[in-house]
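K.L.:
Just so it is clear, I am handing over run34.cif, which has mmCIF, C-alpha atoms.
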```cif
data_final
#
loop_
_atom_site.label_atom_id
_atom_site.label_comp_id
_atom_site.auth_asym_id
_atom_site.auth_seq_id
_atom_site.Cartn_x
_atom_site.Cartn_y
_atom_site.Cartn_z
CA MET E 1 -19.09 21.08 -2.06
CA PRO E 2 -15.70 22.30 -3.34
CA ASP E 3 -14.60 20.98 -6.69
CA ARG E 4 -11.79 18.47 -7.06
CA TYR E 5 -9.17 21.15 -7.60
CA ASP E 6 -9.76 22.84 -4.25
CA LEU E 7 -6.78 21.32 -2.47
CA PRO E 8 -4.04 22.94 -0.39
CA PRO E 9 -0.95 24.67 -1.81
CA GLY E 10 1.91 22.25 -2.30
CA PHE E 11 -0.46 19.31 -2.75
CA ARG E 12 1.45 16.48 -4.44
CA TRP E 13 -0.06 14.51 -7.32
CA GLY E 14 1.36 11.07 -7.93
CA VAL E 15 0.94 7.46 -8.94
CA ALA E 16 2.01 4.26 -7.19
CA THR E 17 3.45 0.86 -8.11
CA ALA E 18 5.14 -2.06 -6.30
CA ALA E 19 8.29 -3.98 -7.13
CA TYR E 20 7.02 -7.54 -7.48
CA GLN E 21 4.00 -6.36 -9.44
CA ILE E 22 5.98 -4.60 -12.18
CA GLU E 23 9.72 -5.31 -12.13
CA GLY E 24 10.07 -8.89 -13.37
CA ALA E 25 13.71 -10.00 -13.75
CA VAL E 26 13.32 -12.18 -10.67
CA GLY E 27 16.47 -14.17 -11.39
CA GLU E 28 18.71 -11.41 -12.72
CA ASP E 29 21.65 -9.45 -11.34
CA GLY E 30 21.90 -11.25 -8.03
CA ARG E 31 18.30 -10.91 -6.84
CA GLY E 32 17.37 -13.61 -4.35
CA PRO E 33 14.03 -15.43 -4.24
CA SER E 34 11.11 -13.84 -2.40
CA VAL E 35 8.09 -15.41 -0.78
CA TRP E 36 6.11 -14.47 -3.88
CA ASP E 37 8.44 -16.40 -6.16
CA THR E 38 7.86 -19.43 -3.96
CA PHE E 39 4.12 -18.89 -3.59
CA THR E 40 3.44 -18.41 -7.30
CA ALA E 41 5.14 -21.75 -7.99
CA ARG E 42 2.57 -23.49 -5.77
CA PRO E 43 -0.08 -25.18 -7.96
CA GLY E 44 -3.42 -23.40 -7.69
CA ALA E 45 -2.11 -20.49 -5.65
CA ILE E 46 -2.52 -17.89 -8.42
CA ARG E 47 -5.32 -17.62 -10.92
CA ASP E 48 -4.33 -19.35 -14.17
CA GLY E 49 -0.86 -20.05 -12.77
CA HIS E 50 0.40 -16.52 -13.44
CA THR E 51 3.63 -15.31 -11.82
CA GLY E 52 5.54 -12.04 -11.48
CA ALA E 53 8.61 -13.46 -13.19
CA VAL E 54 8.28 -10.93 -16.02
CA ALA E 55 5.35 -8.75 -14.92
CA CYS E 56 5.73 -5.39 -16.73
CA ASP E 57 9.48 -5.93 -17.29
CA HIS E 58 10.00 -2.60 -15.55
CA TYR E 59 13.51 -3.68 -14.53
CA HIS E 60 14.52 -3.29 -18.18
CA ARG E 61 11.89 -0.80 -19.39
CA TRP E 62 12.07 1.75 -16.56
CA PRO E 63 13.19 4.62 -18.87
CA GLU E 64 9.96 4.17 -20.85
CA ASP E 65 7.95 4.16 -17.64
CA ILE E 66 9.61 7.32 -16.36
CA ALA E 67 8.73 8.95 -19.69
CA LEU E 68 5.10 7.99 -19.00
CA LEU E 69 5.35 9.56 -15.56
CA GLN E 70 6.82 12.71 -17.04
CA GLY E 71 4.07 12.85 -19.67
CA LEU E 72 1.49 12.51 -16.92
CA GLY E 73 2.95 15.53 -15.13
CA VAL E 74 2.99 14.01 -11.65
CA ASP E 75 4.94 15.55 -8.78
CA GLY E 76 5.69 12.25 -7.08
CA TYR E 77 6.15 8.56 -7.77
CA ARG E 78 5.60 5.95 -5.11
CA PHE E 79 7.43 2.71 -5.87
CA SER E 80 8.75 -0.10 -3.71
CA ILE E 81 12.23 -1.49 -3.33
CA ALA E 82 12.61 -5.26 -3.67
CA TRP E 83 14.37 -6.34 -0.48
CA PRO E 84 15.66 -9.56 -2.18
CA ARG E 85 17.31 -7.38 -4.83
CA ILE E 86 19.28 -5.57 -2.11
CA GLN E 87 19.98 -8.46 0.26
CA PRO E 88 19.33 -11.77 -1.50
CA THR E 89 18.96 -13.64 1.79
CA GLY E 90 17.46 -10.73 3.74
CA ALA E 91 20.60 -10.16 5.80
CA GLY E 92 24.32 -9.60 5.52
CA THR E 93 25.86 -9.15 2.09
CA VAL E 94 24.47 -6.30 0.02
CA ASN E 95 24.01 -6.82 -3.73
CA PRO E 96 25.71 -3.94 -5.62
CA ALA E 97 23.63 -4.50 -8.76
CA GLY E 98 20.41 -4.08 -6.78
CA LEU E 99 21.57 -0.82 -5.26
CA ALA E 100 22.68 0.40 -8.68
CA PHE E 101 19.24 -0.24 -10.16
CA TYR E 102 17.51 1.98 -7.62
CA ASP E 103 20.28 4.56 -7.93
CA ARG E 104 19.51 4.85 -11.64
CA LEU E 105 15.78 4.97 -11.03
CA VAL E 106 15.99 7.71 -8.39
CA ASP E 107 18.39 9.84 -10.43
CA ALA E 108 16.18 9.58 -13.51
CA LEU E 109 13.09 10.54 -11.52
CA LEU E 110 14.83 13.60 -10.11
CA ASP E 111 16.05 14.56 -13.58
CA ALA E 112 12.41 14.39 -14.71
CA GLY E 113 11.32 16.69 -11.86
CA ILE E 114 9.54 13.87 -9.97
CA THR E 115 10.04 13.29 -6.24
CA PRO E 116 10.67 9.63 -5.38
CA LEU E 117 8.65 8.14 -2.51
CA PRO E 118 10.03 4.64 -1.92
CA THR E 119 8.33 1.94 0.11
CA LEU E 120 10.79 -0.38 1.81
CA PHE E 121 8.46 -3.37 2.13
CA HIS E 122 5.58 -4.18 -0.20
CA TRP E 123 5.17 -7.87 0.72
CA ASP E 124 8.17 -9.43 -1.11
CA LEU E 125 10.03 -10.81 1.92
CA PRO E 126 13.27 -12.64 1.08
CA GLN E 127 12.46 -16.35 1.14
CA ALA E 128 15.46 -17.08 3.37
CA LEU E 129 13.86 -14.99 6.13
CA GLU E 130 10.54 -16.78 5.68
CA ASP E 131 12.37 -20.08 6.04
CA ASN E 132 13.42 -18.85 9.49
CA GLY E 133 9.88 -17.90 10.46
CA GLY E 134 9.21 -14.76 8.44
CA TRP E 135 7.22 -12.09 10.25
CA LEU E 136 6.36 -14.61 12.97
CA ASP E 137 10.03 -14.42 13.98
CA ARG E 138 11.00 -11.33 15.98
CA ASP E 139 14.46 -11.30 14.38
CA THR E 140 12.91 -10.32 11.03
CA ALA E 141 12.14 -6.88 12.50
CA HIS E 142 15.83 -6.34 13.22
CA ARG E 143 16.86 -7.56 9.78
CA PHE E 144 14.38 -5.06 8.30
CA ALA E 145 15.96 -2.23 10.28
CA ASP E 146 19.38 -3.23 8.92
CA TYR E 147 18.01 -3.21 5.37
CA ALA E 148 16.34 0.19 5.90
CA THR E 149 19.68 1.56 7.09
CA VAL E 150 21.42 0.28 3.95
CA MET E 151 18.87 2.00 1.73
CA ALA E 152 18.87 5.26 3.71
CA ASP E 153 22.64 5.45 3.56
CA ARG E 154 22.60 4.85 -0.19
CA LEU E 155 19.68 7.03 -1.30
CA GLY E 156 18.99 9.36 1.63
CA ASP E 157 20.98 12.18 0.07
CA ARG E 158 18.36 12.34 -2.71
CA VAL E 159 15.21 10.84 -1.17
CA PRO E 160 13.77 12.94 1.68
CA ALA E 161 10.80 10.76 2.72
CA TRP E 162 10.29 7.02 3.04
CA ILE E 163 7.40 4.62 3.59
CA THR E 164 8.43 1.72 5.79
CA LEU E 165 5.64 -0.82 5.24
CA ASN E 166 2.73 -1.22 2.87
CA GLU E 167 -0.56 -2.55 4.23
CA PRO E 168 0.56 -4.63 7.21
CA PHE E 169 -3.10 -5.51 7.77
CA VAL E 170 -3.45 -7.15 4.34
CA HIS E 171 -0.09 -8.88 4.57
CA THR E 172 -0.90 -10.29 8.00
CA VAL E 173 -4.42 -11.45 7.19
CA PHE E 174 -4.03 -12.61 3.58
CA GLY E 175 -0.48 -13.90 3.94
CA TYR E 176 -0.40 -15.42 7.43
CA ALA E 177 -4.03 -15.89 8.54
CA LEU E 178 -5.94 -16.95 5.42
CA GLY E 179 -3.23 -18.17 3.03
CA ILE E 180 -4.57 -16.19 0.05
CA HIS E 181 -1.25 -14.37 -0.45
CA ALA E 182 2.37 -15.31 0.09
CA PRO E 183 3.68 -16.91 2.23
CA GLY E 184 0.40 -18.83 2.22
CA ARG E 185 0.04 -19.64 5.92
CA THR E 186 -3.40 -20.36 7.39
CA LEU E 187 -2.98 -19.49 11.07
CA MET E 188 -6.15 -17.43 11.59
CA PHE E 189 -5.75 -15.31 14.75
CA ASP E 190 -2.49 -17.06 15.57
CA ALA E 191 -1.06 -14.93 12.75
CA LEU E 192 -1.24 -11.77 14.87
CA PRO E 193 2.40 -11.90 16.06
CA ALA E 194 3.23 -11.13 12.41
CA ALA E 195 1.34 -7.85 12.82
CA HIS E 196 3.31 -6.93 15.93
CA HIS E 197 6.66 -7.79 14.39
CA GLN E 198 5.90 -5.67 11.33
CA LEU E 199 5.07 -2.73 13.59
CA LEU E 200 8.24 -3.36 15.55
CA ALA E 201 10.17 -3.39 12.26
CA HIS E 202 8.60 -0.05 11.40
CA GLY E 203 9.64 1.45 14.73
CA LEU E 204 13.23 0.26 14.46
CA ALA E 205 13.52 1.42 10.86
CA ALA E 206 11.85 4.77 11.64
CA THR E 207 14.47 5.43 14.30
CA ALA E 208 17.27 4.76 11.82
CA LEU E 209 15.66 6.96 9.17
CA HIS E 210 15.03 9.82 11.59
CA ASP E 211 18.62 9.57 12.80
CA ARG E 212 19.60 10.40 9.22
CA GLY E 213 17.26 13.38 8.98
CA LEU E 214 14.69 11.62 6.79
CA ASP E 215 10.90 11.75 7.02
CA VAL E 216 8.98 8.56 7.77
CA LEU E 217 5.52 7.38 6.76
CA ILE E 218 3.72 4.06 6.92
CA SER E 219 0.86 3.05 4.59
CA ASN E 220 -2.02 0.85 5.62
CA ASN E 221 -5.24 -0.20 3.98
CA LEU E 222 -7.85 1.57 6.10
CA THR E 223 -11.61 1.28 5.86
CA PRO E 224 -14.55 2.96 7.56
CA VAL E 225 -16.52 0.19 9.27
CA GLY E 226 -20.27 0.28 9.72
CA PRO E 227 -22.76 -2.17 11.25
CA ALA E 228 -25.35 -3.76 8.99
CA SER E 229 -28.05 -2.63 11.43
CA PRO E 230 -28.28 -0.60 14.65
CA SER E 231 -28.63 -3.79 16.70
CA PRO E 232 -26.21 -4.25 19.62
CA ALA E 233 -24.90 -7.47 18.08
CA ASP E 234 -24.08 -5.89 14.72
CA THR E 235 -22.59 -2.84 16.43
CA ALA E 236 -20.33 -5.03 18.57
CA ALA E 237 -19.25 -6.99 15.49
CA ALA E 238 -18.39 -3.77 13.65
CA ARG E 239 -16.39 -2.56 16.65
CA ALA E 240 -14.43 -5.84 16.70
CA TYR E 241 -13.67 -5.63 12.99
CA ASP E 242 -12.57 -2.01 13.25
CA ALA E 243 -10.16 -2.99 16.03
CA LEU E 244 -8.64 -5.70 13.82
CA HIS E 245 -8.49 -3.88 10.49
CA ASN E 246 -7.75 -0.32 11.55
CA ARG E 247 -6.88 0.17 15.20
CA LEU E 248 -4.58 -2.85 15.60
CA PHE E 249 -2.06 -0.98 13.45
CA THR E 250 -2.87 2.69 13.98
CA ASP E 251 -3.32 2.79 17.77
CA PRO E 252 0.22 1.56 18.56
CA LEU E 253 1.71 4.05 16.09
CA LEU E 254 -0.25 7.09 17.24
CA LEU E 255 -1.26 6.29 20.82
CA GLY E 256 1.44 3.86 21.95
CA ARG E 257 -0.97 1.07 22.86
CA TYR E 258 -2.96 -1.74 21.29
CA PRO E 259 -6.75 -1.54 21.16
CA ASP E 260 -8.93 -3.87 23.19
CA LEU E 261 -8.85 -7.15 21.24
CA THR E 262 -10.75 -9.29 23.75
CA ALA E 263 -13.72 -9.59 21.37
CA LEU E 264 -11.32 -11.42 19.04
CA GLY E 265 -10.08 -13.68 21.81
CA VAL E 266 -6.64 -12.07 21.66
CA PRO E 267 -4.69 -11.32 24.87
CA ASP E 268 -3.02 -7.95 25.43
CA ASP E 269 0.42 -9.39 24.69
CA ILE E 270 -0.77 -10.76 21.30
CA PHE E 271 0.13 -14.35 22.11
CA GLY E 272 3.38 -13.45 23.81
CA ALA E 273 4.81 -11.37 20.95
CA VAL E 274 4.77 -8.03 22.81
CA ARG E 275 7.77 -7.50 25.07
CA PRO E 276 8.43 -4.66 27.53
CA GLY E 277 9.52 -1.55 25.63
CA ASP E 278 8.14 -2.68 22.28
CA LEU E 279 5.33 -0.15 22.18
CA ASP E 280 7.79 2.65 22.94
CA LEU E 281 9.90 1.47 20.01
CA ILE E 282 6.84 1.53 17.76
CA HIS E 283 5.37 4.82 19.00
CA THR E 284 8.31 6.98 20.01
CA PRO E 285 9.95 7.65 16.62
CA GLY E 286 6.73 9.34 15.52
CA LEU E 287 5.32 9.67 12.03
CA ASP E 288 5.89 12.56 9.65
CA GLY E 289 2.89 11.40 7.67
CA LEU E 290 0.26 8.67 7.62
CA GLY E 291 -0.23 6.89 4.32
CA VAL E 292 -3.83 5.91 3.70
CA ASN E 293 -4.73 3.31 1.09
CA TYR E 294 -8.48 3.50 0.50
CA TYR E 295 -10.58 1.33 -1.77
CA ASN E 296 -13.94 0.75 -0.07
CA PRO E 297 -15.83 0.80 3.24
CA THR E 298 -16.77 -2.37 5.12
CA ARG E 299 -20.24 -3.47 6.25
CA VAL E 300 -20.28 -5.85 9.21
CA ALA E 301 -22.88 -8.02 10.90
CA ALA E 302 -22.98 -10.30 13.91
CA PRO E 303 -21.41 -13.66 13.11
CA THR E 304 -23.30 -16.66 11.82
CA ASP E 305 -20.22 -18.83 12.40
CA PRO E 306 -19.38 -18.98 16.14
CA ALA E 307 -15.69 -19.38 15.25
CA LEU E 308 -15.59 -15.77 14.02
CA PRO E 309 -16.54 -12.53 15.79
CA PHE E 310 -18.09 -10.91 12.68
CA ASP E 311 -19.50 -11.44 9.20
CA LEU E 312 -18.44 -9.21 6.32
CA LEU E 313 -21.30 -8.27 4.01
CA ASP E 314 -21.47 -6.69 0.59
CA ILE E 315 -22.75 -3.13 0.26
CA PRO E 316 -25.84 -3.22 -1.98
CA ASP E 317 -27.16 -0.63 -4.40
CA VAL E 318 -23.78 0.87 -5.31
CA PRO E 319 -21.52 0.27 -8.33
CA HIS E 320 -18.80 -2.35 -8.03
CA THR E 321 -15.38 -2.58 -9.63
CA ALA E 322 -14.25 -5.50 -11.77
CA PHE E 323 -12.74 -6.89 -8.57
CA GLY E 324 -16.22 -6.84 -7.01
CA TRP E 325 -15.36 -4.08 -4.55
CA PRO E 326 -18.16 -1.57 -3.75
CA VAL E 327 -17.55 1.96 -5.00
CA VAL E 328 -18.36 4.42 -2.19
CA PRO E 329 -16.40 7.68 -2.58
CA GLU E 330 -18.01 9.18 0.52
CA GLY E 331 -16.28 6.44 2.47
CA LEU E 332 -12.95 8.18 1.90
CA ARG E 333 -14.22 11.42 3.43
CA GLN E 334 -15.77 9.50 6.33
CA LEU E 335 -12.55 7.58 6.94
CA LEU E 336 -10.51 10.78 7.15
CA LEU E 337 -12.99 12.41 9.52
CA ASP E 338 -13.02 9.25 11.65
CA LEU E 339 -9.22 9.34 11.89
CA ARG E 340 -9.33 12.91 13.18
CA GLN E 341 -12.03 12.04 15.70
CA SER E 342 -10.07 9.02 16.93
CA TYR E 343 -6.59 10.55 17.12
CA GLY E 344 -7.01 14.31 17.37
CA SER E 345 -3.69 16.12 17.66
CA SER E 346 -1.82 12.80 17.44
CA LEU E 347 -2.86 12.42 13.80
CA PRO E 348 -0.02 13.44 11.46
CA PRO E 349 -0.54 14.89 7.97
CA ILE E 350 -2.17 12.39 5.61
CA THR E 351 -1.15 11.28 2.15
CA ILE E 352 -3.45 9.07 0.11
CA THR E 353 -0.86 6.54 -1.01
CA GLU E 354 -3.25 4.29 -2.96
CA ASN E 355 -6.69 4.79 -4.49
CA GLY E 356 -7.93 3.31 -7.73
CA CYS E 357 -10.09 0.64 -9.32
CA SER E 358 -9.89 -2.35 -11.60
CA VAL E 359 -11.85 -2.17 -14.83
CA THR E 360 -12.37 -4.96 -17.34
CA GLU E 361 -9.99 -4.76 -20.27
CA GLU E 362 -12.84 -4.49 -22.75
CA THR E 363 -14.36 -1.43 -21.08
CA ALA E 364 -13.97 1.62 -23.27
CA PRO E 365 -13.43 4.51 -23.19
CA ASP E 366 -12.41 3.99 -19.56
CA HIS E 367 -15.36 5.86 -18.07
CA PRO E 368 -15.67 3.76 -14.88
CA ARG E 369 -12.08 4.49 -13.84
CA ILE E 370 -12.39 8.21 -14.59
CA THR E 371 -15.64 8.39 -12.62
CA PHE E 372 -14.05 6.50 -9.72
CA LEU E 373 -11.07 8.86 -9.55
CA ALA E 374 -13.12 12.02 -10.00
CA THR E 375 -15.66 11.18 -7.29
CA HIS E 376 -12.99 10.11 -4.82
CA LEU E 377 -11.07 13.31 -5.42
CA ASP E 378 -14.27 15.25 -4.78
CA ALA E 379 -14.57 13.42 -1.45
CA LEU E 380 -10.92 14.16 -0.70
CA ALA E 381 -11.41 17.86 -1.44
CA GLN E 382 -14.43 17.91 0.86
CA ALA E 383 -12.37 16.42 3.69
CA ALA E 384 -9.64 19.00 3.07
CA ALA E 385 -12.27 21.76 3.23
CA GLU E 386 -13.33 20.35 6.60
CA GLY E 387 -9.83 20.80 7.95
CA ILE E 388 -8.11 17.46 7.30
CA ASP E 389 -4.41 18.00 6.57
CA ILE E 390 -3.93 16.13 3.28
CA ARG E 391 -0.58 16.47 1.54
CA GLY E 392 -0.93 14.33 -1.58
CA TYR E 393 -2.75 11.74 -3.66
CA TYR E 394 -1.15 8.74 -5.39
CA THR E 395 -3.50 6.78 -7.60
CA TRP E 396 -3.10 3.04 -7.98
CA SER E 397 -1.65 2.42 -10.46
CA LEU E 398 0.53 3.73 -13.27
CA LEU E 399 0.51 0.39 -15.09
CA ASP E 400 -1.59 -2.71 -15.35
CA ASN E 401 0.42 -5.23 -13.34
CA PHE E 402 0.60 -8.57 -11.58
CA GLU E 403 -2.32 -8.27 -9.18
CA TRP E 404 -1.23 -10.85 -6.60
CA ALA E 405 -3.57 -13.87 -6.36
CA GLU E 406 -5.55 -12.57 -9.35
CA GLY E 407 -2.51 -12.68 -11.63
CA TYR E 408 -2.99 -10.44 -14.67
CA HIS E 409 -6.79 -10.46 -14.59
CA GLN E 410 -7.38 -7.23 -12.65
CA ARG E 411 -6.34 -4.08 -14.49
CA PHE E 412 -5.79 -0.97 -12.37
CA GLY E 413 -3.50 0.96 -14.70
CA LEU E 414 -3.81 4.41 -16.14
CA VAL E 415 -1.67 2.74 -18.79
CA HIS E 416 -2.72 -0.50 -20.48
CA VAL E 417 -0.01 -3.15 -20.71
CA ASP E 418 -0.06 -5.92 -23.30
CA PHE E 419 1.67 -8.64 -21.31
CA THR E 420 2.63 -10.53 -24.48
CA THR E 421 4.44 -7.65 -26.18
CA GLN E 422 4.96 -5.33 -23.15
CA ARG E 423 3.52 -2.49 -25.20
CA ARG E 424 2.28 0.38 -23.03
CA THR E 425 -0.79 2.33 -24.18
CA PRO E 426 -2.10 5.24 -22.09
CA ARG E 427 -5.81 5.01 -21.41
CA ALA E 428 -8.36 7.81 -21.39
CA SER E 429 -7.90 7.99 -17.60
CA TYR E 430 -4.21 8.82 -18.13
CA ALA E 431 -5.18 11.87 -20.21
CA TRP E 432 -7.90 12.80 -17.72
CA TYR E 433 -5.49 12.68 -14.77
CA ARG E 434 -2.86 14.61 -16.70
CA ASP E 435 -5.37 17.35 -17.53
CA LEU E 436 -6.60 17.47 -13.94
CA ILE E 437 -3.05 18.03 -12.68
CA VAL E 438 -2.50 20.80 -15.24
CA ALA E 439 -5.77 22.47 -14.26
CA HIS E 440 -4.96 22.30 -10.54
CA ARG E 441 -1.58 23.94 -11.11
CA ALA E 442 -3.13 26.63 -13.27
CA ARG E 443 -5.71 27.37 -10.57
CA ARG E 444 -2.97 27.67 -7.94
CA SER E 445 -0.97 30.07 -10.11
CA MET E 446 -3.88 32.48 -10.52
#
```
As structure tokens, please, write out the structure in this file.
P.N.:
Amino acid sequence: MPDRYDLPPGFRWGVATAAYQIEGAVGEDGRGPSVWDTFTARPGAIRDGHTGAVACDHYHRWPEDIALLQGLGVDGYRFSIAWPRIQPTGAGTVNPAGLAFYDRLVDALLDAGITPLPTLFHWDLPQALEDNGGWLDRDTAHRFADYATVMADRLGDRVPAWITLNEPFVHTVFGYALGIHAPGRTLMFDALPAAHHQLLAHGLAATALHDRGLDVLISNNLTPVGPASPSPADTAAARAYDALHNRLFTDPLLLGRYPDLTALGVPDDIFGAVRPGDLDLIHTPGLDGLGVNYYNPTRVAAPTDPALPFDLLDIPDVPHTAFGWPVVPEGLRQLLLDLRQSYGSSLPPITITENGCSVTEETAPDHPRITFLATHLDALAQAAAEGIDIRGYYTWSLLDNFEWAEGYHQRFGLVHVDFTTQRRTPRASYAWYRDLIVAHRARRSM
């Protein structure tokens, strides 16, 4: 097996964050409310009542955070733009102060020799759009394309590549089906029009970005799915889950069609959301890269509840993160090989846009996180050696942050954040990642 440095020339090392998880300043400089501001105010929605109102105070402390990026030696920084900071109601009037913030951030990154990779939507929908139906309303896709155009016109002279959406699977299921995330709807499979409208938003925005000569990616949480046993029932359940989690989003992008969802009881038009020409709008702009967020594989069995087409099971006899997620580095390699088998020449170059683990704050000296990153990079290098076109790796995350429904209890950061004082302290994994990047560059220069 090749070592973790055996990656292609030009491979980009980076870290990732998201606006609502780090920025804070939710009521400053004209920012409008997002669905997460509303959701975190709901009693019991977030563990211990935490909110992202301050988070890491990145809105004020961004120069310190860029210095951390520079000290880490990364090539790229993936961050997200807060749509409510740009258009407080999600449409119409543009907020100059919001644009100016991201102007400053991008310029400072470039001055530090770091390539910005912005994500246009990382779940913080303007509340005014949610009040009109959110992603269940087709018009939201058009408002997103307008917003993408605003950002491309403002930053496109300095930012060559853009991610449209982050994890539409998670946002659809946790936000609209199960109510675990904002906006907190519990529609079960009736939430699936939100998936289609996000994909439509991607297609419309991708067209606008390509028209301006910019590269376009989309990032989804993907997982290799395996049956709990070889039985036909477990195999059918795994196939149904794979269609929902992976293929529902990737097939329209790369093949121009939805997968067979009949096992989920979903019609081909996804409850009337799909209109003639929609799949061309989603598929035709094409992708310059596929962003893969990988955390763990999924083990599936035949359902015990007749209301569901599958049961999700834990994976035994492997380590687990503080979040309780199974640690299976080989799953990353398997996922990448599965993507090639499924999509062949339609598969664009891949960037790992998230990969990381939560570790309890008391764990020292950060060995579980270092082991997680090292073993996943070994798996990534193996996939590259087997011919997968992988362009970069962005670990999640630079900073401990507001981890959605878990509040501040799950710590993913290479840098520890004291949320009382906002003091940043690099962990051992920060030094390990920095040294790995240095070693990789030295190997390439030989």
K.L.:
Got a sec: who's within 12 Å of Phe121 of chain E, counting all atoms listed in the file, leaving out chain neighbours fewer than 5 positions off, as JSON, numbers by chain?
P.N.:
{"E": [18, 19, 20, 34, 79, 80, 81, 82, 83, 84, 85, 86, 90, 126, 135, 141, 144, 145, 147, 148, 151, 162, 163, 164, 165, 166, 167, 168, 171, 198, 199, 201, 202, 205, 218, 219, 220]}
K.L.:
Written as a list in words, what is the full residue list that the PyMOL selection byres ((chain E and resi 328-330) around 8) yields on the file shown?
P.N.:
Asn296, Pro297, Val318, Pro326, Val327, Gly331, Leu332, Arg333, Gln334, Phe372, Thr375, His376 and Ala379 of chain E
K.L.:
Determine the residue membership of the PyMOL selection byres ((chain E and resi 247) around 12) for the file above and supply it as an NGL selection string.
P.N.:
:E and (168-169 or 195 or 220-225 or 239-246 or 248-261 or 338-339 or 342-343)
K.L.:
Counting only C-alpha atoms, which residue out of E:Ala112, E:Ala55, E:His50, E:Leu377 sits closest to Asp400 of chain E?
P.N.:
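Under the stated criterion, the closest residue is E:Ala55.
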K.L.:
Which residues would end up in the selection if the PyMOL selection byres ((chain E and resi 394) around 7) were applied here, given that I need the answer as a list in words?
P.N.:
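Matching residues under the PyMOL selection byres ((chain E and resi 394) around 7) are Trp13, Gly14, Val15, Ala16, Ile352, Thr353, Glu354, Asn355, Gly392, Tyr393, Thr395 and Trp396 of chain E.
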K.L.:
Which is closer to Ala236 of chain E than all the others in E:Asp268, E:Asp311, E:Asp48, E:Asp215, using all atoms listed in the file?
P.N.:
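Among the listed residues, the smallest separation from Ala236 of chain E belongs to E:Asp311.
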K.L.:
Hey, which of E:Arg423, E:His283, E:Arg299, E:His210 ends up closest to Ala228 of chain E? Count all atoms listed in the file.
P.N.:
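Between E:Arg423, E:His283, E:Arg299, E:His210, the residue approaching Ala228 of chain E most closely is E:Arg299.
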K.L.:
Considering all atoms listed in the file, return as a PyMOL selection string whatever protein or nucleic-acid residues lie within 9 Å of segment 182-186 of chain E, sequence-local ones (same chain, fewer than 6 positions apart) excluded.
P.N.:
chain E and resi 35-40+45+123-125+127+130+134+171+173-176+404-405
K.L.:
Have a look at E:Ile46, E:Ala439, E:Val54, E:Ile282 and name the one nearest to Val26 of chain E; count only C-alpha atoms.
P.N.:
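Among the listed residues, E:Val54 lies closest to Val26 of chain E.
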K.L.:
Could you state the separation of atom CA of Asp6 of chain E and atom CA of Cys357 of chain E in Å, given to one decimal place?
P.N.:
22.8 Å
K.L.:
One decimal, Å: what's the distance from atom CA of His122 of chain E over to atom CA of Leu72 of chain E, could you say?
P.N.:
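Spanning atom CA of His122 of chain E to atom CA of Leu72 of chain E is a straight-line distance of 24.0 Å.
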K.L.:
State, in Å with one decimal place, the distance from atom CA of Leu68 of chain E to atom CA of Arg154 of chain E.
P.N.:
25.9 Å
K.L.:
If we count all atoms listed in the file, what is near Gly27 of chain E at a cut-off of 12 Å, once residues fewer than 2 positions away on the same chain are taken out, given as a list in words?
P.N.:
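Near Gly27 of chain E, the qualifying residues are Glu23, Gly24, Ala25, Asp29, Gly30, Arg31, Gly32, Pro33, Ser34, Asp37, Gly52, Ala53, Val54, Tyr59, Pro84, Arg85, Pro88 and Gly98 of chain E.
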K.L.:
Out of E:Thr262, E:Asn401, E:Gln21, E:Thr284, which residue has the shortest atom-to-atom distance to Ala206 of chain E when counting all atoms listed in the file?
P.N.:
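Ranking E:Thr262, E:Asn401, E:Gln21, E:Thr284 by distance to Ala206 of chain E, first place goes to E:Thr284.
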K.L.:
Which is closest to Gly73 of chain E among E:Thr89, E:Arg12, E:Ala307, E:Gly286, if we use all atoms listed in the file?
P.N.:
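The closest residue to Gly73 of chain E is E:Arg12.
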K.L.:
Near Val417 of chain E, within 12 Å and counting all atoms listed in the file, which residues show up once chain neighbours fewer than 5 positions away are dropped, as a list in words?
P.N.:
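So, after excluding close chain neighbours, the residues are Ile22, Ala55, Cys56, Asp57, His58, Asp65, Glu361, Ser397, Leu398, Leu399, Asp400, Asn401, Phe402, Tyr408, His409, Gln410, Arg411, Phe412, Gln422, Arg423, Arg424, Thr425, Pro426 and Arg427 of chain E.
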